[in-house]
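Structure data (compact mmCIF, C-alpha atoms) from model.txt:
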# COMPACT_ATOMS: atom_id res chain seq x y z
CA MET A 1 3.59 -15.24 6.32
CA ARG A 2 3.08 -11.50 5.93
CA TYR A 3 5.27 -9.48 3.57
CA ALA A 4 5.79 -5.90 2.48
CA SER A 5 6.80 -6.11 -1.18
CA ILE A 6 8.19 -2.82 -2.53
CA ASP A 7 8.56 -2.09 -6.23
CA ILE A 8 10.94 0.84 -6.90
CA GLY A 9 10.18 1.93 -10.44
CA THR A 10 11.09 4.80 -12.72
CA ASN A 11 7.92 6.76 -12.04
CA THR A 12 6.28 5.10 -9.03
CA ILE A 13 7.21 3.32 -5.83
CA LEU A 14 4.58 0.75 -4.92
CA MET A 15 4.16 -1.37 -1.80
CA LEU A 16 1.98 -4.42 -1.30
CA ILE A 17 1.21 -5.69 2.17
CA GLY A 18 0.23 -9.28 1.51
CA GLU A 19 -0.07 -12.66 3.16
CA VAL A 20 1.10 -15.87 1.57
CA THR A 21 -0.71 -19.10 2.31
CA GLY A 22 -0.31 -22.60 0.93
CA GLY A 23 2.90 -24.40 0.22
CA GLY A 24 3.72 -27.23 -2.16
CA GLY A 25 3.18 -26.41 -5.80
CA GLU A 26 2.73 -23.02 -7.39
CA ASP A 27 -0.98 -23.58 -7.94
CA SER A 28 -1.59 -24.06 -4.21
CA LEU A 29 0.26 -20.93 -3.15
CA LYS A 30 -2.00 -17.90 -2.69
CA ILE A 31 -1.13 -14.23 -2.24
CA THR A 32 -3.86 -12.36 -0.38
CA PRO A 33 -3.46 -8.56 -0.63
CA ILE A 34 -4.10 -6.69 2.60
CA LYS A 35 -3.35 -3.18 1.40
CA ASP A 36 -1.61 -1.44 -1.49
CA PHE A 37 0.30 1.82 -1.35
CA TYR A 38 1.22 4.11 -4.26
CA SER A 39 3.60 7.07 -4.49
CA VAL A 40 5.08 8.95 -7.45
CA PRO A 41 8.52 10.39 -6.65
CA ARG A 42 9.66 9.83 -10.28
CA LEU A 43 13.05 8.52 -9.20
CA GLY A 44 14.00 8.04 -12.86
CA LYS A 45 13.49 11.66 -13.89
CA ASN A 46 15.95 12.42 -16.73
CA VAL A 47 17.93 9.19 -16.17
CA SER A 48 17.61 8.42 -19.89
CA VAL A 49 19.35 11.76 -20.57
CA THR A 50 21.88 12.14 -17.73
CA GLY A 51 22.54 8.49 -16.90
CA ARG A 52 22.21 9.28 -13.18
CA LEU A 53 19.53 9.39 -10.50
CA ASP A 54 18.66 13.02 -9.76
CA GLU A 55 19.52 14.07 -6.18
CA ASN A 56 16.13 15.69 -5.58
CA SER A 57 14.36 12.61 -6.88
CA ILE A 58 16.47 10.44 -4.58
CA GLU A 59 15.33 12.48 -1.58
CA LEU A 60 11.70 12.16 -2.65
CA ALA A 61 12.17 8.41 -3.00
CA PHE A 62 13.74 8.17 0.45
CA ASN A 63 10.79 9.99 1.98
CA VAL A 64 8.50 7.41 0.40
CA LEU A 65 10.62 4.47 1.56
CA ARG A 66 10.83 5.80 5.14
CA ASN A 67 7.06 6.09 5.20
CA TYR A 68 6.64 2.60 3.75
CA LYS A 69 8.95 1.12 6.38
CA ALA A 70 6.86 2.71 9.13
CA ILE A 71 3.66 1.41 7.54
CA ALA A 72 5.14 -2.08 7.25
CA GLY A 73 5.90 -1.95 10.98
CA GLU A 74 2.34 -0.91 11.76
CA HIS A 75 1.07 -3.91 9.79
CA LYS A 76 3.47 -6.22 11.65
CA VAL A 77 5.01 -7.73 8.54
CA ASP A 78 7.41 -10.64 8.89
CA ARG A 79 9.67 -9.47 6.09
CA ILE A 80 10.26 -6.42 3.88
CA ILE A 81 11.49 -7.18 0.36
CA ALA A 82 12.33 -4.60 -2.31
CA SER A 83 13.17 -4.69 -5.99
CA ALA A 84 14.37 -1.86 -8.25
CA THR A 85 13.96 -1.74 -11.99
CA SER A 86 14.75 0.34 -15.07
CA ALA A 87 15.81 3.72 -13.64
CA VAL A 88 18.01 2.31 -10.89
CA ARG A 89 19.24 -0.43 -13.22
CA ASP A 90 20.44 2.14 -15.77
CA ALA A 91 21.86 4.74 -13.37
CA ALA A 92 25.61 5.17 -12.89
CA ASN A 93 25.04 6.04 -9.20
CA ARG A 94 22.76 3.07 -8.47
CA ASP A 95 25.20 1.41 -6.06
CA GLY A 96 25.28 4.50 -3.86
CA PHE A 97 21.49 4.59 -3.79
CA VAL A 98 21.23 0.92 -2.84
CA ARG A 99 23.91 1.28 -0.12
CA ARG A 100 22.16 4.30 1.36
CA VAL A 101 18.79 2.50 1.50
CA ARG A 102 20.50 -0.39 3.27
CA SER A 103 22.43 1.73 5.76
CA GLU A 104 19.73 4.30 6.60
CA LEU A 105 16.58 2.18 6.36
CA GLY A 106 17.80 -1.37 6.78
CA ILE A 107 16.08 -2.41 3.54
CA GLU A 108 17.97 -4.57 1.08
CA VAL A 109 17.11 -3.46 -2.47
CA GLU A 110 17.66 -6.00 -5.23
CA VAL A 111 18.31 -4.39 -8.62
CA ILE A 112 16.83 -6.90 -11.03
CA SER A 113 17.56 -7.39 -14.71
CA GLY A 114 15.01 -6.51 -17.35
CA GLU A 115 14.43 -10.15 -18.23
CA LEU A 116 13.88 -11.11 -14.60
CA GLU A 117 11.52 -8.17 -14.22
CA ALA A 118 9.47 -9.48 -17.15
CA GLU A 119 9.35 -12.94 -15.56
CA MET A 120 8.19 -11.48 -12.24
CA ASP A 121 5.51 -9.47 -14.05
CA PHE A 122 4.28 -12.66 -15.69
CA ILE A 123 4.05 -14.58 -12.42
CA GLY A 124 2.32 -11.66 -10.72
CA ALA A 125 -0.30 -11.33 -13.46
CA VAL A 126 -1.13 -15.04 -13.74
CA SER A 127 -1.35 -15.32 -9.94
CA GLY A 128 -4.73 -13.61 -10.27
CA ALA A 129 -5.80 -15.16 -13.58
CA PRO A 130 -9.04 -17.16 -13.78
CA ASP A 131 -7.17 -19.89 -15.70
CA PRO A 132 -3.36 -19.72 -15.40
CA SER A 133 -2.94 -22.78 -17.65
CA GLN A 134 -3.70 -20.84 -20.86
CA GLN A 135 -0.99 -19.41 -23.11
CA THR A 136 -0.63 -15.86 -21.84
CA LEU A 137 1.11 -12.65 -22.95
CA VAL A 138 1.84 -10.12 -20.20
CA ILE A 139 2.59 -6.46 -20.98
CA ASP A 140 3.98 -4.20 -18.25
CA ILE A 141 4.49 -0.59 -19.29
CA GLY A 142 6.77 1.08 -16.78
CA GLY A 143 8.34 4.51 -16.73
CA GLY A 144 11.67 3.47 -18.22
CA SER A 145 10.93 0.21 -19.97
CA THR A 146 8.22 -2.15 -21.16
CA GLU A 147 8.38 -5.79 -20.17
CA LEU A 148 6.88 -8.49 -22.38
CA SER A 149 6.56 -12.10 -21.27
CA TYR A 150 4.81 -15.15 -22.66
CA GLY A 151 4.07 -18.64 -21.41
CA LYS A 152 1.58 -20.56 -19.34
CA GLY A 153 1.15 -21.58 -15.72
CA PHE A 154 3.85 -19.89 -13.66
CA GLU A 155 6.59 -20.49 -16.22
CA PRO A 156 7.18 -17.81 -18.86
CA SER A 157 9.02 -19.21 -21.87
CA LEU A 158 9.82 -15.83 -23.45
CA SER A 159 10.75 -12.67 -21.57
CA ARG A 160 12.08 -9.36 -22.88
CA SER A 161 12.64 -5.88 -21.48
CA ILE A 162 12.53 -3.07 -24.04
CA ASP A 163 13.57 0.53 -23.35
CA ILE A 164 10.24 2.14 -24.28
CA GLY A 165 8.74 3.27 -20.96
CA ALA A 166 6.18 6.06 -20.59
CA VAL A 167 8.59 8.51 -18.94
CA ARG A 168 11.43 7.69 -21.33
CA VAL A 169 9.25 8.15 -24.46
CA THR A 170 7.72 11.37 -23.08
CA GLU A 171 11.09 12.91 -22.24
CA ARG A 172 12.54 11.96 -25.62
CA PHE A 173 9.67 12.81 -27.97
CA LEU A 174 6.64 14.52 -26.40
CA HIS A 175 7.80 18.04 -25.59
CA HIS A 176 4.44 19.79 -25.82
CA ASN A 177 1.47 19.45 -23.47
CA PRO A 178 -0.57 18.11 -25.18
CA PRO A 179 1.89 16.61 -27.68
CA ILE A 180 1.73 17.75 -31.29
CA LEU A 181 1.10 15.39 -34.20
CA THR A 182 4.71 15.21 -35.42
CA GLU A 183 5.88 14.25 -31.89
CA LEU A 184 3.32 11.46 -31.67
CA LYS A 185 4.32 10.20 -35.12
CA LYS A 186 8.02 10.04 -34.21
CA ALA A 187 7.22 8.36 -30.88
CA ALA A 188 5.04 5.77 -32.64
CA GLU A 189 7.80 4.99 -35.14
CA PHE A 190 10.35 4.60 -32.35
CA ILE A 191 8.06 2.30 -30.34
CA THR A 192 7.19 0.13 -33.35
CA ALA A 193 10.86 -0.29 -34.28
CA ALA A 194 11.77 -1.21 -30.69
CA LEU A 195 9.08 -3.89 -30.58
CA ASN A 196 11.03 -5.87 -33.20
CA GLN A 197 13.05 -7.13 -30.23
CA PHE A 198 10.17 -9.44 -29.25
CA PRO A 199 9.24 -12.45 -31.46
CA PHE A 200 5.50 -11.78 -31.81
CA THR A 201 5.26 -14.14 -34.80
CA LYS A 202 6.25 -17.08 -32.58
CA ILE A 203 3.49 -16.67 -29.99
CA ASN A 204 -0.22 -17.41 -29.94
CA PRO A 205 -1.68 -16.04 -26.70
CA ARG A 206 -5.18 -16.98 -25.58
CA VAL A 207 -5.05 -14.34 -22.84
CA ILE A 208 -3.28 -10.97 -22.76
CA PHE A 209 -2.73 -8.97 -19.56
CA GLY A 210 -1.93 -5.26 -19.38
CA VAL A 211 -0.23 -4.83 -16.02
CA ALA A 212 -0.05 -1.92 -13.58
CA GLY A 213 -0.64 1.82 -13.73
CA THR A 214 -0.96 2.66 -17.41
CA PRO A 215 -3.54 -0.02 -18.38
CA THR A 216 -5.54 0.32 -15.16
CA THR A 217 -5.72 4.12 -15.45
CA LEU A 218 -6.86 3.82 -19.06
CA ALA A 219 -9.48 1.25 -18.00
CA LEU A 220 -10.85 3.67 -15.40
CA ILE A 221 -11.08 6.42 -18.01
CA ALA A 222 -12.90 4.04 -20.36
CA GLN A 223 -15.40 3.27 -17.58
CA ARG A 224 -15.74 6.93 -16.60
CA ARG A 225 -14.67 6.21 -13.04
CA HIS A 226 -13.10 9.19 -11.32
CA GLU A 227 -12.13 7.32 -8.14
CA PHE A 228 -9.78 4.35 -8.16
CA ASP A 229 -11.58 1.06 -7.67
CA ALA A 230 -9.48 -2.12 -7.68
CA SER A 231 -12.50 -4.26 -8.50
CA ALA A 232 -13.03 -2.20 -11.68
CA VAL A 233 -9.56 -2.95 -13.04
CA THR A 234 -8.95 -6.52 -11.86
CA ASN A 235 -9.19 -8.76 -14.94
CA TYR A 236 -11.24 -6.05 -16.66
CA PRO A 237 -11.69 -6.87 -20.38
CA MET A 238 -10.85 -3.95 -22.65
CA THR A 239 -10.90 -4.07 -26.44
CA THR A 240 -8.17 -2.58 -28.57
CA ARG A 241 -10.89 -0.50 -30.20
CA THR A 242 -11.87 0.98 -26.82
CA LEU A 243 -8.22 1.64 -26.01
CA ARG A 244 -7.83 3.51 -29.29
CA LYS A 245 -10.86 5.67 -28.44
CA VAL A 246 -9.37 6.51 -25.04
CA PHE A 247 -6.02 7.32 -26.66
CA ASP A 248 -7.71 9.59 -29.20
CA GLU A 249 -9.46 11.34 -26.32
CA ILE A 250 -6.43 11.98 -24.12
CA LYS A 251 -3.82 12.74 -26.79
CA SER A 252 -5.34 16.19 -27.36
CA LYS A 253 -5.75 17.05 -23.67
CA PRO A 254 -3.19 18.79 -21.46
CA SER A 255 -2.20 16.75 -18.41
CA GLY A 256 -4.43 18.86 -16.13
CA GLU A 257 -7.50 17.84 -18.10
CA ILE A 258 -6.42 14.18 -18.12
CA LEU A 259 -6.23 14.32 -14.34
CA GLU A 260 -9.82 15.54 -14.25
CA LEU A 261 -10.90 12.28 -15.92
CA THR A 262 -9.69 10.08 -13.05
CA LYS A 263 -7.73 10.50 -9.83
CA ALA A 264 -5.73 7.43 -10.83
CA ALA A 265 -3.88 9.65 -13.32
CA GLU A 266 -2.24 11.57 -10.47
CA GLY A 267 1.53 11.46 -10.91
CA ARG A 268 1.24 9.96 -14.39
CA ALA A 269 -1.08 12.35 -16.28
CA ASP A 270 1.86 13.94 -18.12
CA VAL A 271 3.15 10.54 -19.33
CA LEU A 272 -0.16 8.72 -19.85
CA VAL A 273 -0.37 9.54 -23.56
CA ALA A 274 3.02 7.89 -24.11
CA GLY A 275 1.98 4.90 -22.01
CA ALA A 276 -1.26 4.51 -23.97
CA LEU A 277 0.63 4.76 -27.26
CA ILE A 278 3.05 2.02 -26.19
CA LEU A 279 0.20 -0.27 -25.14
CA LEU A 280 -1.67 0.40 -28.36
CA LYS A 281 1.37 -0.39 -30.51
CA VAL A 282 2.08 -3.63 -28.63
CA LEU A 283 -1.51 -4.79 -29.18
CA GLU A 284 -1.37 -3.83 -32.84
CA VAL A 285 1.86 -5.76 -33.42
CA ALA A 286 0.41 -8.72 -31.50
CA ASN A 287 -2.76 -8.50 -33.63
CA ALA A 288 -4.81 -8.53 -30.42
CA ALA A 289 -8.46 -7.54 -30.27
CA GLU A 290 -8.75 -7.52 -26.47
CA PHE A 291 -6.74 -7.62 -23.25
CA LEU A 292 -7.36 -7.82 -19.52
CA THR A 293 -6.14 -5.17 -17.10
CA THR A 294 -4.68 -6.07 -13.72
CA ASP A 295 -2.77 -4.35 -10.93
CA ARG A 296 -1.00 -7.62 -10.04
CA GLY A 297 2.48 -7.05 -11.39
CA LEU A 298 6.07 -7.12 -10.26
CA ARG A 299 5.49 -6.77 -6.52
CA TYR A 300 3.25 -9.87 -6.59
CA GLY A 301 5.63 -11.93 -8.69
CA TYR A 302 8.63 -10.83 -6.66
CA LEU A 303 6.87 -11.73 -3.41
CA PHE A 304 5.92 -15.13 -4.83
CA CYS A 305 9.49 -15.95 -5.90
CA LYS A 306 11.13 -14.66 -2.72
CA HIS A 307 8.73 -16.74 -0.63
CA LYS A 308 9.54 -19.82 -2.69
CA GLY A 309 13.26 -19.12 -2.40
CA LEU A 310 13.59 -19.03 -6.19
CA LEU A 311 15.77 -15.90 -6.22
CA GLU A 312 18.13 -16.80 -3.41
CA LYS A 313 21.80 -16.92 -4.34

Target format structure tokens, applied to this file:
Amino acid sequence: MRYASIDIGTNTILMLIGEVTGGGGEDSLKITPIKDFYSVPRLGKNVSVTGRLDENSIELAFNVLRNYKAIAGEHKVDRIIASATSAVRDAANRDGFVRRVRSELGIEVEVISGELEAEMDFIGAVSGAPDPSQQTLVIDIGGGSTELSYGKGFEPSLSRSIDIGAVRVTERFLHHNPPILTELKKAAEFITAALNQFPFTKINPRVIFGVAGTPTTLALIAQRRHEFDASAVTNYPMTTRTLRKVFDEIKSKPSGEILELTKAAEGRADVLVAGALILLKVLEVANAAEFLTTDRGLRYGYLFCKHKGLLEK
């Protein structure tokens, strides 16, 4: 069966065209990506301040979704599925946005909870893991929130969503480009305090995944790759020491210079320092020396669970 799985995030809107094969148990079910699509309308711009989706950002998001629907038709998908996360979840006008997407585009958007988002991230990441049976920690740094999930196989036993996304932290603390030292210090303190919401002392991961745009962009910078290359960021091992070096490099650069390091920073160059800081603090609290990057996140996990009928009411 062929799906278009759309992930409507705070900063990006992603779409995976993928085919699902297999049936029975989770281990036999395989998601084969056909093509990925990436756009940055920043739907969640200033949501953490105003509590509402900005009208201009909504129009940008609709342009992306219209285009995605057309692309899905060209790829002859059997079903379009769509999930929305932190920005839409937090916005007072979210119901109007969801209704408009349904009425104008015929796409049903499911606004998922932070905990469910973390669970979907976990399933998406382990779906591409060399050994899903190992105890695994998955970190997904979004624009509005960071999802942390832990478990093994396709069953996370701990899942939390924490309001420390790259856009949210940038808008709240990092007002200079590049940010000044006092801003970075306050952001780091805020992130560290927020991470107390996850019981790191109760977990012992053998594998750690950094999911989606922030970790993969940082991995490309570490490898000095200007063009995006999925093979270079799929299960790519990156040490915390290397991450710290990349962070030290980008924290003193304006966003224009960060963009020169890799095209993958397009649309996120101005929030990448915050994203890197969040990832670094999570790894420090988890006492982790290394992690794997992957672009298999929410849209993979959501596709998996919708196909299995696990989210049906």

Note to self: Set the distance at 9 Å and use only C-alpha atoms: which residues neighbour A:Phe198 once local chain neighbours fewer than 5 positions away are removed? I'd like the list as a PyMOL selection string.
What the structure shows: chain A and resi 148+158-162

Margin query: Need to verify the contact set: A:Ile191, 12 Å, all atoms listed in the file, exclusion of same-chain residues closer than 4 positions in sequence. Can you return it as number ranges by chain?
Written below: A: 141, 145-146, 162-166, 168-170, 172-173, 184-187, 195-198, 274-285

Next item on the list: Write out as a list in words the residues lying within 8 Å of A:Phe122, counting only C-alpha atoms and excluding same-chain residues fewer than 5 positions away.
Entry: Leu137, Val138, Ser149, Tyr150, Phe154, Pro156, Gly297, Leu298 and Gly301 of chain A

Check: Looking at A:Ala4, A:Val40, A:Leu181, A:Arg296, which one is nearest to A:Glu74, with distances taken over only C-alpha atoms?
Finding: A:Ala4

Check: Quick one: distance from atom CA of A:Pro254 to atom CA of A:Phe37 in Å, one decimal?
Finding: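 Between atom CA of A:Pro254 and atom CA of A:Phe37 the gap works out to 26.5 Å.
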
Check: Do you have the atom CA of A:Leu174-atom CA of A:Ala269 distance handy?
Finding: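 Interatomic distance, atom CA of A:Leu174 to atom CA of A:Ala269: 12.9 Å.
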
Margin query: Between atom CA of A:Ser252 and atom CA of A:Pro178, what distance in Å does the model show, to one decimal?
Written below: 5.6 Å

Item checked: Contact residues around A:Val207 with only C-alpha atoms at 8 Å, ignoring same-chain residues under 5 positions, as a PyMOL selection string -> chain A and resi 134-137+291-292

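Each of A:Asn63, A:Thr293, A:Ser5, A:Ser57 was checked against A:Lys35 using only C-alpha atoms; the smallest atom-to-atom distance is that of A:Ser5.
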
Next item on the list: Would you mind telling me which residue in A:Gly153, A:Gly9, A:Gly18, A:Gly128 lies nearest to A:Pro41 when using all atoms listed in the file?
Entry: A:Gly9

Taking all atoms of stretch 227-241 of chain A that the file lists, what box with edges along x, y and z, padded by 3 Å per side, do you get, with centre and edge lengths in Å to one decimal, as AutoDock Vina command-line options?
--center_x -10.6 --center_y -0.7 --center_z -18.9 --size_x 10.9 --size_y 22.1 --size_z 28.5

Checklist line | Proximity to A:Asp7 - best of A:Ile258, A:Ala91, A:Ala230, A:Ala212, only C-alpha atoms | finding: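 For A:Asp7, the nearest of the candidates is A:Ala212.
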
Item checked: Among the residues A:Ile31, A:Thr294, A:Phe247, A:Asp121, the one that comes closest to A:Ser231 [using all atoms listed in the file] ->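 Looking at the shortest contact to A:Ser231, the residue is A:Thr294.
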
Contact residues around A:Gly106 with all atoms listed in the file at 12 Å, ignoring same-chain residues under 4 positions, as a CSV table (one decimal) with C-alpha atoms, keeping the file's coordinate frame:
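Below is the file that was written, result_8.csv:
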chain,number,residue,atom,x,y,z
A,65,LEU,CA,10.6,4.5,1.6
A,66,ARG,CA,10.8,5.8,5.1
A,69,LYS,CA,9.0,1.1,6.4
A,70,ALA,CA,6.9,2.7,9.1
A,79,ARG,CA,9.7,-9.5,6.1
A,80,ILE,CA,10.3,-6.4,3.9
A,81,ILE,CA,11.5,-7.2,0.4
A,82,ALA,CA,12.3,-4.6,-2.3
A,98,VAL,CA,21.2,0.9,-2.8
A,99,ARG,CA,23.9,1.3,-0.1
A,100,ARG,CA,22.2,4.3,1.4
A,101,VAL,CA,18.8,2.5,1.5
A,102,ARG,CA,20.5,-0.4,3.3

Final N, CA and C atoms of stretch 194-219 of chain A as a PDB file, in the coordinates of the input:
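Listing of out-v5.pdb after writing:
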ATOM      1  N   ALA A 194      11.248  -0.542 -31.888  1.00  0.00           N
ATOM      2  CA  ALA A 194      11.770  -1.210 -30.690  1.00  0.00           C
ATOM      3  C   ALA A 194      11.093  -2.553 -30.446  1.00  0.00           C
ATOM      4  N   LEU A 195       9.835  -2.662 -30.816  1.00  0.00           N
ATOM      5  CA  LEU A 195       9.080  -3.890 -30.580  1.00  0.00           C
ATOM      6  C   LEU A 195       9.563  -5.057 -31.440  1.00  0.00           C
ATOM      7  N   ASN A 196      10.436  -4.785 -32.408  1.00  0.00           N
ATOM      8  CA  ASN A 196      11.030  -5.870 -33.200  1.00  0.00           C
ATOM      9  C   ASN A 196      11.900  -6.782 -32.338  1.00  0.00           C
ATOM     10  N   GLN A 197      12.219  -6.315 -31.134  1.00  0.00           N
ATOM     11  CA  GLN A 197      13.050  -7.130 -30.230  1.00  0.00           C
ATOM     12  C   GLN A 197      12.294  -8.322 -29.651  1.00  0.00           C
ATOM     13  N   PHE A 198      10.966  -8.330 -29.787  1.00  0.00           N
ATOM     14  CA  PHE A 198      10.170  -9.440 -29.250  1.00  0.00           C
ATOM     15  C   PHE A 198       9.584 -10.255 -30.408  1.00  0.00           C
ATOM     16  N   PRO A 199       9.686 -11.599 -30.346  1.00  0.00           N
ATOM     17  CA  PRO A 199       9.240 -12.450 -31.460  1.00  0.00           C
ATOM     18  C   PRO A 199       7.727 -12.684 -31.463  1.00  0.00           C
ATOM     19  N   PHE A 200       6.963 -11.664 -31.827  1.00  0.00           N
ATOM     20  CA  PHE A 200       5.500 -11.780 -31.810  1.00  0.00           C
ATOM     21  C   PHE A 200       4.995 -12.874 -32.754  1.00  0.00           C
ATOM     22  N   THR A 201       5.723 -13.134 -33.844  1.00  0.00           N
ATOM     23  CA  THR A 201       5.260 -14.140 -34.800  1.00  0.00           C
ATOM     24  C   THR A 201       5.350 -15.560 -34.254  1.00  0.00           C
ATOM     25  N   LYS A 202       6.064 -15.740 -33.150  1.00  0.00           N
ATOM     26  CA  LYS A 202       6.250 -17.080 -32.580  1.00  0.00           C
ATOM     27  C   LYS A 202       5.297 -17.374 -31.424  1.00  0.00           C
ATOM     28  N   ILE A 203       4.384 -16.461 -31.122  1.00  0.00           N
ATOM     29  CA  ILE A 203       3.490 -16.670 -29.990  1.00  0.00           C
ATOM     30  C   ILE A 203       2.035 -16.691 -30.445  1.00  0.00           C
ATOM     31  N   ASN A 204       1.207 -17.330 -29.651  1.00  0.00           N
ATOM     32  CA  ASN A 204      -0.220 -17.410 -29.940  1.00  0.00           C
ATOM     33  C   ASN A 204      -1.001 -17.338 -28.631  1.00  0.00           C
ATOM     34  N   PRO A 205      -1.056 -16.152 -28.023  1.00  0.00           N
ATOM     35  CA  PRO A 205      -1.680 -16.040 -26.700  1.00  0.00           C
ATOM     36  C   PRO A 205      -3.201 -16.189 -26.748  1.00  0.00           C
ATOM     37  N   ARG A 206      -3.731 -16.909 -25.766  1.00  0.00           N
ATOM     38  CA  ARG A 206      -5.180 -16.980 -25.580  1.00  0.00           C
ATOM     39  C   ARG A 206      -5.660 -15.881 -24.650  1.00  0.00           C
ATOM     40  N   VAL A 207      -4.744 -15.407 -23.795  1.00  0.00           N
ATOM     41  CA  VAL A 207      -5.050 -14.340 -22.840  1.00  0.00           C
ATOM     42  C   VAL A 207      -3.920 -13.316 -22.886  1.00  0.00           C
ATOM     43  N   ILE A 208      -4.269 -12.040 -22.826  1.00  0.00           N
ATOM     44  CA  ILE A 208      -3.280 -10.970 -22.760  1.00  0.00           C
ATOM     45  C   ILE A 208      -3.591 -10.096 -21.550  1.00  0.00           C
ATOM     46  N   PHE A 209      -2.572  -9.848 -20.720  1.00  0.00           N
ATOM     47  CA  PHE A 209      -2.730  -8.970 -19.560  1.00  0.00           C
ATOM     48  C   PHE A 209      -1.965  -7.670 -19.795  1.00  0.00           C
ATOM     49  N   GLY A 210      -2.608  -6.542 -19.484  1.00  0.00           N
ATOM     50  CA  GLY A 210      -1.930  -5.260 -19.380  1.00  0.00           C
ATOM     51  C   GLY A 210      -1.770  -4.960 -17.899  1.00  0.00           C
ATOM     52  N   VAL A 211      -0.533  -4.872 -17.456  1.00  0.00           N
ATOM     53  CA  VAL A 211      -0.230  -4.830 -16.020  1.00  0.00           C
ATOM     54  C   VAL A 211       0.042  -3.406 -15.553  1.00  0.00           C
ATOM     55  N   ALA A 212      -0.448  -3.105 -14.361  1.00  0.00           N
ATOM     56  CA  ALA A 212      -0.050  -1.920 -13.580  1.00  0.00           C
ATOM     57  C   ALA A 212      -0.686  -0.620 -14.050  1.00  0.00           C
ATOM     58  N   GLY A 213      -0.010   0.510 -13.727  1.00  0.00           N
ATOM     59  CA  GLY A 213      -0.640   1.820 -13.730  1.00  0.00           C
ATOM     60  C   GLY A 213      -1.198   2.320 -15.040  1.00  0.00           C
ATOM     61  N   THR A 214      -0.460   2.146 -16.134  1.00  0.00           N
ATOM     62  CA  THR A 214      -0.960   2.660 -17.410  1.00  0.00           C
ATOM     63  C   THR A 214      -2.256   1.967 -17.844  1.00  0.00           C
ATOM     64  N   PRO A 215      -2.292   0.633 -17.953  1.00  0.00           N
ATOM     65  CA  PRO A 215      -3.540  -0.020 -18.380  1.00  0.00           C
ATOM     66  C   PRO A 215      -4.700   0.205 -17.414  1.00  0.00           C
ATOM     67  N   THR A 216      -4.428   0.165 -16.107  1.00  0.00           N
ATOM     68  CA  THR A 216      -5.540   0.320 -15.160  1.00  0.00           C
ATOM     69  C   THR A 216      -6.094   1.738 -15.189  1.00  0.00           C
ATOM     70  N   THR A 217      -5.238   2.734 -15.350  1.00  0.00           N
ATOM     71  CA  THR A 217      -5.720   4.120 -15.450  1.00  0.00           C
ATOM     72  C   THR A 217      -6.553   4.304 -16.712  1.00  0.00           C
ATOM     73  N   LEU A 218      -6.112   3.731 -17.813  1.00  0.00           N
ATOM     74  CA  LEU A 218      -6.860   3.820 -19.060  1.00  0.00           C
ATOM     75  C   LEU A 218      -8.204   3.098 -18.943  1.00  0.00           C
ATOM     76  N   ALA A 219      -8.229   1.989 -18.203  1.00  0.00           N
ATOM     77  CA  ALA A 219      -9.480   1.250 -18.000  1.00  0.00           C
ATOM     78  C   ALA A 219     -10.465   2.082 -17.187  1.00  0.00           C
TER      79      ALA A 219
END
